[in-house]
Amino acid sequence: QVQLVESGGGLVQPGGSLRLSCVASGFSIRNHYMNWYRQRPGEGRTSVGGITSGGDSTTYADSVKGRFAISRDNTKNAVYLQMNSLKPEDTAEYYCATYKDGSILRGRGTQVTVSS
(Lines give C-alpha, C1' and ligand atoms only; values in the text may rest on other atoms or scores of the structure.)
Protein backbone atom coordinates (compact mmCIF):
# COMPACT_ATOMS: atom_id res chain seq x y z
CA GLN A 1 0.00 0.00 0.00
CA VAL A 2 1.36 3.39 -1.02
CA GLN A 3 1.30 5.65 1.99
CA LEU A 4 3.11 8.13 4.21
CA VAL A 5 2.90 7.72 7.97
CA GLU A 6 3.91 10.47 10.36
CA SER A 7 4.87 9.96 13.99
CA GLY A 8 6.59 11.70 16.86
CA GLY A 9 4.02 14.30 17.79
CA GLY A 10 2.94 15.02 21.32
CA LEU A 11 2.67 17.59 24.07
CA VAL A 12 5.72 19.72 24.74
CA GLN A 13 6.40 22.84 26.78
CA PRO A 14 7.31 26.14 25.12
CA GLY A 15 11.00 26.15 24.32
CA GLY A 16 11.09 22.39 24.00
CA SER A 17 11.92 20.15 21.05
CA LEU A 18 10.32 17.36 19.09
CA ARG A 19 11.43 15.28 16.16
CA LEU A 20 8.78 14.15 13.73
CA SER A 21 9.25 11.25 11.36
CA CYS A 22 7.55 10.42 8.10
CA VAL A 23 8.03 6.93 6.72
CA ALA A 24 6.94 5.96 3.25
CA SER A 25 5.75 2.52 2.23
CA GLY A 26 4.78 1.06 -1.11
CA PHE A 27 7.20 3.29 -3.01
CA SER A 28 10.66 4.79 -2.73
CA ILE A 29 11.04 8.44 -1.83
CA ARG A 30 14.50 8.46 -3.41
CA ASN A 31 13.50 10.63 -6.36
CA HIS A 32 10.88 12.70 -4.59
CA TYR A 33 10.97 16.20 -3.19
CA MET A 34 9.40 15.88 0.24
CA ASN A 35 7.35 18.48 2.04
CA TRP A 36 6.16 19.15 5.55
CA TYR A 37 2.92 21.03 6.10
CA ARG A 38 0.94 21.99 9.18
CA GLN A 39 -2.59 22.93 9.92
CA ARG A 40 -3.28 25.04 12.97
CA PRO A 41 -6.69 24.90 14.66
CA GLY A 42 -9.23 26.85 12.63
CA GLU A 43 -6.79 27.57 9.82
CA GLY A 44 -5.88 26.14 6.45
CA ARG A 45 -2.88 23.97 5.73
CA THR A 46 0.42 25.85 5.29
CA SER A 47 3.87 24.83 4.22
CA VAL A 48 6.55 24.33 6.83
CA GLY A 49 9.27 23.49 4.32
CA GLY A 50 10.73 20.93 1.99
CA ILE A 51 13.82 18.97 1.05
CA THR A 52 15.24 17.94 -2.30
CA SER A 53 15.47 14.30 -3.29
CA GLY A 54 19.15 14.10 -2.45
CA GLY A 55 18.82 16.05 0.74
CA ASP A 56 21.23 18.73 -0.43
CA SER A 57 18.82 21.63 -0.20
CA THR A 58 16.02 22.65 2.12
CA THR A 59 13.54 25.49 2.25
CA TYR A 60 11.56 26.79 5.22
CA ALA A 61 8.66 29.06 5.98
CA ASP A 62 9.79 32.31 7.59
CA SER A 63 7.87 31.41 10.75
CA VAL A 64 10.06 28.36 11.42
CA LYS A 65 13.38 29.39 9.87
CA GLY A 66 16.25 28.91 12.30
CA ARG A 67 14.17 26.71 14.61
CA PHE A 68 13.13 23.77 12.43
CA ALA A 69 15.29 21.49 10.31
CA ILE A 70 14.24 18.97 7.69
CA SER A 71 16.39 15.96 6.88
CA ARG A 72 15.95 12.64 5.16
CA ASP A 73 17.36 9.14 5.01
CA ASN A 74 16.55 7.56 1.68
CA THR A 75 17.90 4.21 2.87
CA LYS A 76 15.15 4.21 5.50
CA ASN A 77 12.59 5.75 3.16
CA ALA A 78 12.07 8.45 5.76
CA VAL A 79 11.96 12.20 6.19
CA TYR A 80 12.34 14.04 9.48
CA LEU A 81 11.34 17.37 10.97
CA GLN A 82 13.44 18.50 13.93
CA MET A 83 11.59 21.23 15.79
CA ASN A 84 13.43 23.30 18.38
CA SER A 85 12.49 26.34 20.45
CA LEU A 86 8.85 25.45 20.06
CA LYS A 87 6.21 28.12 20.58
CA PRO A 88 2.51 27.84 21.38
CA GLU A 89 1.78 29.02 17.85
CA ASP A 90 3.50 25.91 16.52
CA THR A 91 0.57 23.88 17.82
CA ALA A 92 -0.83 22.11 14.78
CA GLU A 93 -1.35 18.87 12.94
CA TYR A 94 1.82 18.16 10.97
CA TYR A 95 1.81 16.31 7.67
CA CYS A 96 4.40 15.13 5.22
CA ALA A 97 3.54 15.07 1.54
CA THR A 98 4.94 14.51 -1.90
CA TYR A 99 3.79 14.66 -5.47
CA LYS A 100 3.31 11.19 -6.90
CA ASP A 101 1.66 9.86 -10.04
CA GLY A 102 0.00 13.17 -10.80
CA SER A 103 -1.43 13.90 -7.40
CA ILE A 104 -0.46 14.89 -3.89
CA LEU A 105 0.20 12.01 -1.51
CA ARG A 106 -0.15 13.06 2.10
CA GLY A 107 -0.05 11.24 5.40
CA ARG A 108 -2.72 11.38 8.08
CA GLY A 109 -0.67 13.67 10.25
CA THR A 110 0.67 13.82 13.77
CA GLN A 111 -0.51 16.31 16.39
CA VAL A 112 1.93 18.68 18.05
CA THR A 113 0.74 20.68 21.04
CA VAL A 114 2.97 23.31 22.62
CA SER A 115 1.65 24.34 25.99
CA SER A 116 2.78 24.83 29.56
# chains A, B, ... in the order shown; residues from 1 in each chain; ligands from 1
>>> residues_around(residues="region 104-110 of chain A", least_positions_apart="3", cutoff="12 Å", atoms="only C-alpha atoms", output="ChimeraX atom specification")
/A:2-11,18-27,29,32-40,45,81,91-101,113
>>> atom_distance(atom1="CA of Ser28 (chain A)", atom2="CA of Gly54 (chain A)")
12.6 Å
>>> atom_distance(atom1="CA of Gly55 (chain A)", atom2="CA of Arg67 (chain A)")
18.1 Å
>>> atom_distance(atom1="CA of Ala61 (chain A)", atom2="CA of Val79 (chain A)")
17.2 Å
>>> closest_residue(among="A:Ile51, A:Ala69, A:Ala78, A:Val114", to="Gln13 (chain A)", atoms="only C-alpha atoms")
A:Val114
>>> residues_around(residues="region 64-66 of chain A", least_positions_apart="5", cutoff="10 Å", atoms="only C-alpha atoms", output="NGL selection string")
:A and (48-49 or 59 or 83-87 or 90)
>>> write_last_selection(atoms="N, CA and C atoms", output="CSV table (one decimal), in the first residue's frame")
chain,number,residue,atom,x,y,z
A,48,VAL,N,5.5,24.1,5.9
A,48,VAL,CA,6.6,24.3,6.8
A,48,VAL,C,7.9,24.4,6.1
A,49,GLY,N,8.0,23.5,5.1
A,49,GLY,CA,9.3,23.5,4.3
A,49,GLY,C,9.4,22.2,3.5
A,59,THR,N,14.2,24.2,2.2
A,59,THR,CA,13.5,25.5,2.3
A,59,THR,C,12.6,25.5,3.5
A,83,MET,N,12.2,20.0,15.4
A,83,MET,CA,11.6,21.2,15.8
A,83,MET,C,12.2,21.6,17.1
A,84,ASN,N,12.8,22.8,17.2
A,84,ASN,CA,13.4,23.3,18.4
A,84,ASN,C,12.8,24.6,18.8
A,85,SER,N,13.0,25.1,20.0
A,85,SER,CA,12.5,26.3,20.4
A,85,SER,C,11.0,26.5,20.1
A,86,LEU,N,10.3,25.5,20.4
A,86,LEU,CA,8.8,25.4,20.1
A,86,LEU,C,8.1,26.5,20.8
A,87,LYS,N,7.1,27.1,20.1
A,87,LYS,CA,6.2,28.1,20.6
A,87,LYS,C,4.8,27.6,20.6
A,90,ASP,N,3.1,27.1,17.3
A,90,ASP,CA,3.5,25.9,16.5
A,90,ASP,C,2.5,24.8,16.7
>>> select_by_dssp(residues="chain A", states="strand (DSSP E or B)", output="ChimeraX atom specification")
/A:3-7,10-12,18-25,34-39,45-51,58-60,68-73,78-83,92-100,103-106,110-114
>>> closest_residue(among="A:Pro41, A:Phe68, A:Tyr80, A:Asn31", to="Ser53 (chain A)", atoms="only C-alpha atoms")
A:Asn31
